[in-house]
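The data block below is target14.csv; it holds CSV, C-alpha atoms.
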chain,number,residue,atom,x,y,z
Y,1,MET,CA,24.6,-33.6,10.7
Y,2,LYS,CA,25.0,-30.0,11.9
Y,3,ARG,CA,24.6,-28.7,8.4
Y,4,ILE,CA,21.3,-30.7,8.0
Y,5,ILE,CA,20.0,-29.4,11.3
Y,6,LEU,CA,20.9,-25.8,10.3
Y,7,VAL,CA,19.1,-26.2,6.9
Y,8,LEU,CA,16.0,-27.7,8.6
Y,9,LEU,CA,16.0,-24.8,11.1
Y,10,VAL,CA,16.2,-22.2,8.3
Y,11,ILE,CA,13.4,-24.0,6.4
Y,12,THR,CA,11.2,-24.2,9.5
Y,13,THR,CA,11.8,-20.5,10.3
Y,14,LEU,CA,11.0,-19.4,6.8
Y,15,SER,CA,7.8,-21.5,6.8
Y,16,ALA,CA,6.7,-20.1,10.1
Y,17,THR,CA,7.3,-16.6,8.9
Y,18,ALA,CA,5.4,-17.2,5.7
Y,19,GLN,CA,2.4,-18.6,7.6
Y,20,GLU,CA,2.2,-15.9,10.2
Y,21,SER,CA,-1.3,-14.7,10.8
Y,22,VAL,CA,-2.7,-11.8,12.7
Y,23,LEU,CA,-6.1,-10.7,14.0
Y,24,LEU,CA,-6.6,-7.0,13.1
Y,25,ARG,CA,-8.6,-5.1,15.7
Y,26,LEU,CA,-8.6,-1.5,17.0
Y,27,ASN,CA,-7.0,-1.7,20.5
Y,28,TYR,CA,-7.3,1.9,21.6
Y,29,ASN,CA,-6.8,2.9,25.3
Y,30,GLU,CA,-9.0,5.5,26.8
Y,31,GLY,CA,-7.2,8.8,27.0
Y,32,ASP,CA,-4.9,8.1,24.1
Y,33,ASN,CA,-4.1,11.1,21.9
Y,34,TYR,CA,-3.3,11.0,18.2
Y,35,LEU,CA,-2.3,13.5,15.5
Y,36,LEU,CA,-3.8,12.9,12.1
Y,37,THR,CA,-2.2,14.6,9.2
Y,38,VAL,CA,-3.8,14.6,5.7
Y,39,ASP,CA,-2.0,15.9,2.6
Y,40,ALA,CA,-4.3,15.9,-0.4
Y,41,LYS,CA,-3.8,17.0,-4.0
Y,42,GLN,CA,-6.7,17.3,-6.4
Y,43,ASN,CA,-6.1,17.8,-10.1
Y,44,MET,CA,-9.0,18.6,-12.4
Y,45,GLY,CA,-7.0,19.6,-15.5
Y,46,LEU,CA,-8.3,22.8,-17.1
Y,47,GLN,CA,-10.9,23.1,-14.4
Y,48,GLY,CA,-8.2,23.7,-11.8
Y,49,GLY,CA,-7.2,21.9,-8.7
Y,50,MET,CA,-6.4,22.0,-5.0
Y,51,ASN,CA,-3.6,21.3,-2.6
Y,52,MET,CA,-4.5,20.9,1.1
Y,53,ASN,CA,-2.7,20.0,4.3
Y,54,MET,CA,-4.8,19.4,7.3
Y,55,THR,CA,-4.0,18.3,10.9
Y,56,MET,CA,-6.5,17.0,13.4
Y,57,GLY,CA,-6.1,16.1,17.1
Y,58,VAL,CA,-7.9,12.9,18.0
Y,59,ILE,CA,-8.7,11.9,21.6
Y,60,ILE,CA,-10.0,8.4,22.6
Y,61,THR,CA,-12.7,9.3,25.1
Y,62,GLU,CA,-14.3,5.9,25.8
Y,63,VAL,CA,-13.4,2.2,25.1
Y,64,GLY,CA,-16.3,-0.2,25.7
Y,65,ALA,CA,-16.9,-3.8,25.0
Y,66,LYS,CA,-18.8,-3.0,21.8
Y,67,ASN,CA,-17.7,0.4,20.7
Y,68,ILE,CA,-15.0,3.1,20.9
Y,69,LYS,CA,-15.8,6.8,21.1
Y,70,THR,CA,-13.5,9.6,19.9
Y,71,GLU,CA,-13.4,13.4,19.8
Y,72,SER,CA,-11.5,15.2,17.1
Y,73,LYS,CA,-10.8,18.8,16.2
Y,74,ILE,CA,-9.1,20.4,13.2
Y,75,THR,CA,-5.9,22.1,14.4
Y,76,SER,CA,-4.6,23.6,11.1
Y,77,VAL,CA,-5.6,23.9,7.5
Y,78,VAL,CA,-3.3,25.1,4.6
Y,79,MET,CA,-5.0,25.3,1.2
Y,80,ASP,CA,-4.2,26.5,-2.3
Y,81,MET,CA,-7.0,26.3,-4.9
Y,82,MET,CA,-7.2,27.1,-8.5
Y,83,GLN,CA,-10.5,27.5,-10.3
Y,84,GLY,CA,-10.1,28.5,-13.9
Y,85,GLU,CA,-7.9,31.6,-13.8
Y,86,MET,CA,-8.8,32.4,-10.2
Y,87,SER,CA,-6.5,31.3,-7.4
Y,88,MET,CA,-7.2,31.2,-3.7
Y,89,SER,CA,-5.0,30.6,-0.7
Y,90,TYR,CA,-5.7,30.1,3.0
Y,91,ASP,CA,-3.5,29.3,6.0
Y,92,SER,CA,-5.1,29.0,9.4
Y,93,ASN,CA,-1.8,29.7,11.1
Y,94,LYS,CA,-1.8,33.2,9.7
Y,95,LYS,CA,-3.5,36.2,11.3
Y,96,GLU,CA,-6.4,37.8,9.4
Y,97,ALA,CA,-4.3,40.8,8.6
Y,98,GLU,CA,-1.7,38.6,6.9
Y,99,LEU,CA,-4.3,37.1,4.5
Y,100,ASP,CA,-5.5,38.6,1.2
Y,101,GLN,CA,-9.2,39.3,0.6
Y,102,MET,CA,-9.9,35.9,-0.7
Y,103,GLY,CA,-8.0,34.3,2.2
Y,104,GLN,CA,-10.0,36.4,4.7
Y,105,MET,CA,-13.2,35.1,3.0
Y,106,MET,CA,-12.0,31.5,3.4
Y,107,LYS,CA,-11.1,32.2,7.0
Y,108,SER,CA,-14.8,33.1,7.7
Y,109,GLN,CA,-15.7,29.7,6.4
Y,110,PHE,CA,-13.0,27.7,8.1
Y,111,ASP,CA,-13.1,29.3,11.5
Y,112,PRO,CA,-16.4,27.7,12.6
Y,113,MET,CA,-15.1,24.3,11.3
Y,114,MET,CA,-12.0,24.6,13.5
Y,115,LYS,CA,-14.1,25.4,16.6
Y,116,ALA,CA,-16.4,22.3,16.0
Y,117,THR,CA,-15.9,18.9,17.7
Y,118,ILE,CA,-16.3,15.7,15.7
Y,119,HIS,CA,-17.8,12.9,17.8
Y,120,THR,CA,-17.4,9.4,16.4
Y,121,SER,CA,-18.5,6.0,17.6
Y,122,LEU,CA,-17.0,2.8,15.9
Y,123,ASP,CA,-16.5,-0.8,16.7
Y,124,ASN,CA,-13.2,-2.6,17.1
Y,125,LEU,CA,-13.4,-3.7,13.4
Y,126,GLY,CA,-13.3,-0.1,12.4
Y,127,ASN,CA,-16.9,0.0,11.3
Y,128,MET,CA,-18.3,3.5,11.8
Y,129,ILE,CA,-21.5,3.5,14.0
Y,130,GLU,CA,-22.1,7.2,14.3
Y,131,THR,CA,-20.6,10.5,13.4
Y,132,LYS,CA,-21.8,13.8,15.0
Y,133,ILE,CA,-20.4,17.3,14.5
Y,134,GLU,CA,-21.1,19.9,17.2
Y,135,PRO,CA,-22.1,22.5,16.3
Y,136,ALA,CA,-23.4,21.2,12.9
Y,137,ILE,CA,-21.4,22.7,10.1
Y,138,PRO,CA,-22.7,22.1,6.5
Y,139,GLY,CA,-20.1,20.5,4.3
Y,140,MET,CA,-17.6,19.7,7.1
Y,141,GLU,CA,-18.1,15.9,6.7
Y,142,GLN,CA,-16.5,16.3,3.2
Y,143,LEU,CA,-13.4,17.9,4.7
Y,144,THR,CA,-13.0,15.3,7.5
Y,145,GLY,CA,-14.0,12.2,5.5
Y,146,SER,CA,-10.3,11.2,5.2
Y,147,ALA,CA,-10.2,10.4,8.9
Y,148,SER,CA,-12.2,7.2,8.6
Y,149,THR,CA,-10.5,3.9,9.5
Y,150,ILE,CA,-10.1,0.6,7.6
Y,151,ASN,CA,-12.8,-1.9,8.1
Y,152,TYR,CA,-11.1,-5.1,9.3
Y,153,PRO,CA,-12.3,-8.7,8.6
Y,154,GLU,CA,-13.6,-11.0,11.3
Y,155,GLU,CA,-11.0,-13.7,10.8
Y,156,LYS,CA,-7.3,-13.8,11.1
Y,157,VAL,CA,-5.3,-12.8,8.0
Y,158,SER,CA,-1.9,-13.5,6.6
Y,159,VAL,CA,0.2,-12.5,3.6
Y,160,GLY,CA,-2.0,-12.8,0.5
Y,161,SER,CA,-5.3,-12.4,2.4
Y,162,SER,CA,-7.7,-9.8,1.0
Y,163,TRP,CA,-11.1,-8.4,1.9
Y,164,THR,CA,-13.3,-5.7,0.4
Y,165,SER,CA,-15.3,-2.8,2.0
Y,166,GLU,CA,-18.0,-0.7,0.5
Y,167,ASP,CA,-18.7,3.0,1.2
Y,168,GLU,CA,-21.0,5.6,-0.2
Y,169,ASN,CA,-20.8,9.4,0.2
Y,170,GLN,CA,-23.0,11.9,-1.7
Y,171,GLY,CA,-23.8,9.4,-4.5
Y,172,VAL,CA,-20.2,8.3,-5.0
Y,173,LYS,CA,-19.8,4.5,-4.3
Y,174,MET,CA,-16.4,3.2,-3.5
Y,175,SER,CA,-15.5,-0.5,-3.4
Y,176,THR,CA,-12.0,-0.9,-1.8
Y,177,THR,CA,-10.0,-4.1,-1.6
Y,178,TYR,CA,-7.1,-4.6,0.9
Y,179,THR,CA,-4.5,-7.2,0.2
Y,180,ILE,CA,-1.7,-8.0,2.7
Y,181,SER,CA,1.7,-7.8,1.0
Y,182,SER,CA,3.8,-8.3,4.2
Y,183,ILE,CA,3.8,-8.8,7.9
Y,184,ALA,CA,7.0,-7.7,9.6
Y,185,ASN,CA,8.3,-5.9,12.7
Y,186,GLY,CA,4.8,-5.4,14.2
Y,187,ILE,CA,3.5,-3.8,11.0
Y,188,VAL,CA,1.0,-5.1,8.4
Y,189,SER,CA,1.5,-3.7,4.9
Y,190,LEU,CA,-1.5,-3.6,2.5
Y,191,ASP,CA,-1.9,-3.0,-1.2
Y,192,VAL,CA,-5.1,-1.1,-1.9
Y,193,SER,CA,-7.2,-1.3,-5.1
Y,194,GLY,CA,-10.8,-0.7,-6.0
Y,195,ASP,CA,-13.5,1.0,-8.1
Y,196,VAL,CA,-15.5,4.1,-8.0
Y,197,ALA,CA,-19.2,4.1,-9.3
Y,198,GLY,CA,-22.3,6.2,-9.0
Y,199,THR,CA,-22.2,9.9,-9.9
Y,200,GLY,CA,-18.5,9.2,-11.0
Y,201,THR,CA,-16.6,6.3,-12.3
Y,202,GLY,CA,-12.9,5.5,-11.7
Y,203,THR,CA,-10.3,3.4,-9.9
Y,204,ILE,CA,-8.5,3.3,-6.5
Y,205,LYS,CA,-4.9,2.3,-5.9
Y,206,GLY,CA,-2.4,2.7,-3.2
Y,207,LYS,CA,-0.7,1.3,-0.1
Y,208,THR,CA,-1.3,1.5,3.7
Y,209,THR,CA,0.3,0.2,6.9
Y,210,VAL,CA,-1.3,-0.9,10.1
Y,211,ASP,CA,0.3,-1.2,13.6
Y,212,ILE,CA,-0.6,-4.7,14.8
Y,213,SER,CA,-0.6,-4.0,18.5
Y,214,SER,CA,-3.0,-1.0,18.4
Y,215,GLY,CA,-4.7,-1.8,15.1
Y,216,VAL,CA,-4.2,1.9,14.0
Y,217,PRO,CA,-3.6,2.6,10.3
Y,218,THR,CA,-0.3,4.5,10.7
Y,219,SER,CA,0.1,5.7,7.1
Y,220,ALA,CA,-1.7,5.6,3.8
Y,221,ALA,CA,-0.9,6.8,0.2
Y,222,ILE,CA,-4.0,6.5,-2.0
Y,223,GLU,CA,-4.7,7.7,-5.5
Y,224,VAL,CA,-8.3,8.0,-6.9
Y,225,THR,CA,-8.7,8.7,-10.6
Y,226,MET,CA,-12.3,9.3,-11.8
Y,227,SER,CA,-14.6,11.0,-14.3
Y,228,ALA,CA,-17.7,12.8,-13.1
Y,229,GLN,CA,-20.0,15.0,-15.2
Y,230,GLY,CA,-17.5,15.1,-18.0
Y,231,VAL,CA,-14.6,16.2,-15.8
Y,232,ASN,CA,-11.5,13.9,-15.3
Y,233,MET,CA,-9.8,14.3,-12.0
Y,234,SER,CA,-7.2,12.6,-9.8
Y,235,ILE,CA,-7.0,12.9,-6.0
Y,236,ILE,CA,-3.8,11.8,-4.2
Y,237,THR,CA,-4.0,11.6,-0.5
Y,238,ASN,CA,-1.2,10.9,2.0
Y,239,THR,CA,-2.3,10.3,5.6
Y,240,THR,CA,-0.4,9.6,8.8
Y,241,MET,CA,-1.7,8.8,12.3
Y,242,THR,CA,0.8,9.3,15.1
Y,243,LYS,CA,0.3,8.8,18.8
Y,244,ILE,CA,1.4,11.8,20.9
Could you quickly redo this structure as structure tokens?
Amino acid sequence: MKRIILVLLVITTLSATAQESVLLRLNYNEGDNYLLTVDAKQNMGLQGGMNMNMTMGVIITEVGAKNIKTESKITSVVMDMMQGEMSMSYDSNKKEAELDQMGQMMKSQFDPMMKATIHTSLDNLGNMIETKIEPAIPGMEQLTGSASTINYPEEKVSVGSSWTSEDENQGVKMSTTYTISSIANGIVSLDVSGDVAGTGTGTIKGKTTVDISSGVPTSAAIEVTMSAQGVNMSIITNTTMTKI
């Protein structure tokens, strides 16, 4: 009898675990501080490529019933670029005298970006309502686009659940599907897949994790391979979001 009860208990426990469902929502607290780290590698074959590491400080300035407001600032940028036979390097942690001529030129472009504040407003599903950069810096939205959150579904989700979000930036349309692979220890793990269309065509694949209690995507490893204007490229991005 004890053995039967034990077996039933194990089966019941496994069944409950398999059927666990969660409601994914952004549950920020006003005044919370986060550090966002983005490590990106772009390979364009003979055309060159780029390695970049960027960190941003993110402050939750307001949490309302319908939207959440944040302020972000770039805190450091380290970049190595190769275009044809020409290489360029920049490190915001270095003084101007420590940079070569090309690095000093890049510093003049990055300094205004690092002084700017990015204001965002989004709902608790992660849908972006508004983004404003003060002062306005042309091209800065391309650099900070990786800071966007995941768009969560309205309903509860469990292992095997999937949903798709659409995004468009400068003529590039991205359709991204998230599928839950596991729910354990307060973390939702997602498989990421999708397609790129518009001015370029390609595919998206990767993995990401979400902290259930806060709804914050804590890590993501995404690879985008695409072809645009006759150039084949791959972009691998690793992102982490840490509360500080």
Judged by all atoms listed in the file, the minimum distance to Y:Thr37 among Y:Ala220, Y:Val22, Y:Val192, Y:Ile212 is found for Y:Ala220
Provide the atom CA of Y:Lys207 to atom CA of Y:Leu122 distance in Å, to one decimal place. 22.9 Å
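Distance check against Y:Met241 using all atoms listed in the file: of Y:Ser162, Y:Asn33, Y:Ser76, Y:Thr201, the minimum falls on Y:Asn33.
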Using all atoms listed in the file, find the one residue out of Y:Ser214, Y:Pro135, Y:Ile222, Y:Val188 that sits nearest to Y:Thr176.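 So, comparing all the options, the nearest one is Y:Ile222.
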Show me, as a PDB file with C-alpha atoms, keeping the file's coordinate frame, the residues that have an atom within 6 Å of stretch 46-60 of chain Y when counting all atoms listed in the file, minus same-chain residues fewer than 6 positions from it.
ATOM      1  CA  GLU Y  30      -9.000   5.500  26.800  1.00  0.00           C
ATOM      2  CA  GLY Y  31      -7.200   8.800  27.000  1.00  0.00           C
ATOM      3  CA  ASP Y  32      -4.900   8.100  24.100  1.00  0.00           C
ATOM      4  CA  ASN Y  33      -4.100  11.100  21.900  1.00  0.00           C
ATOM      5  CA  TYR Y  34      -3.300  11.000  18.200  1.00  0.00           C
ATOM      6  CA  LEU Y  35      -2.300  13.500  15.500  1.00  0.00           C
ATOM      7  CA  LEU Y  36      -3.800  12.900  12.100  1.00  0.00           C
ATOM      8  CA  THR Y  37      -2.200  14.600   9.200  1.00  0.00           C
ATOM      9  CA  VAL Y  38      -3.800  14.600   5.700  1.00  0.00           C
ATOM     10  CA  ASP Y  39      -2.000  15.900   2.600  1.00  0.00           C
ATOM     11  CA  ALA Y  40      -4.300  15.900  -0.400  1.00  0.00           C
ATOM     12  CA  THR Y  70     -13.500   9.600  19.900  1.00  0.00           C
ATOM     13  CA  GLU Y  71     -13.400  13.400  19.800  1.00  0.00           C
ATOM     14  CA  SER Y  72     -11.500  15.200  17.100  1.00  0.00           C
ATOM     15  CA  LYS Y  73     -10.800  18.800  16.200  1.00  0.00           C
ATOM     16  CA  ILE Y  74      -9.100  20.400  13.200  1.00  0.00           C
ATOM     17  CA  THR Y  75      -5.900  22.100  14.400  1.00  0.00           C
ATOM     18  CA  SER Y  76      -4.600  23.600  11.100  1.00  0.00           C
ATOM     19  CA  VAL Y  77      -5.600  23.900   7.500  1.00  0.00           C
ATOM     20  CA  VAL Y  78      -3.300  25.100   4.600  1.00  0.00           C
ATOM     21  CA  MET Y  79      -5.000  25.300   1.200  1.00  0.00           C
ATOM     22  CA  ASP Y  80      -4.200  26.500  -2.300  1.00  0.00           C
ATOM     23  CA  MET Y  81      -7.000  26.300  -4.900  1.00  0.00           C
ATOM     24  CA  MET Y  82      -7.200  27.100  -8.500  1.00  0.00           C
ATOM     25  CA  GLN Y  83     -10.500  27.500 -10.300  1.00  0.00           C
ATOM     26  CA  GLY Y  84     -10.100  28.500 -13.900  1.00  0.00           C
TER      27      GLY Y  84
END
Give the answer as one residue: which of Y:Leu190, Y:Ile244, Y:Ile204, Y:Ile137 has the shortest atom-to-atom distance to Y:Gly160, using only C-alpha atoms?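 Once distances to Y:Gly160 are computed over only C-alpha atoms, the minimum belongs to Y:Leu190.
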With all atoms listed in the file as the atoms that count, which of Y:Asn127, Y:Asn43, Y:Ser193, Y:Thr117 lies nearest to Y:Asp167?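 Nearest candidate to Y:Asp167 out of Y:Asn127, Y:Asn43, Y:Ser193, Y:Thr117: Y:Asn127.
Summary of the local environment: counting all atoms listed in the file, residues at most 10 Å from Y:Pro217, other than itself and those fewer than 6 positions away along its chain, are Leu26, Ser148, Thr149, Ile150, Ile187, Val188, Ser189, Thr208, Thr209, Val210, Asp211, Thr239, Thr240, Met241 and Thr242 of chain Y.
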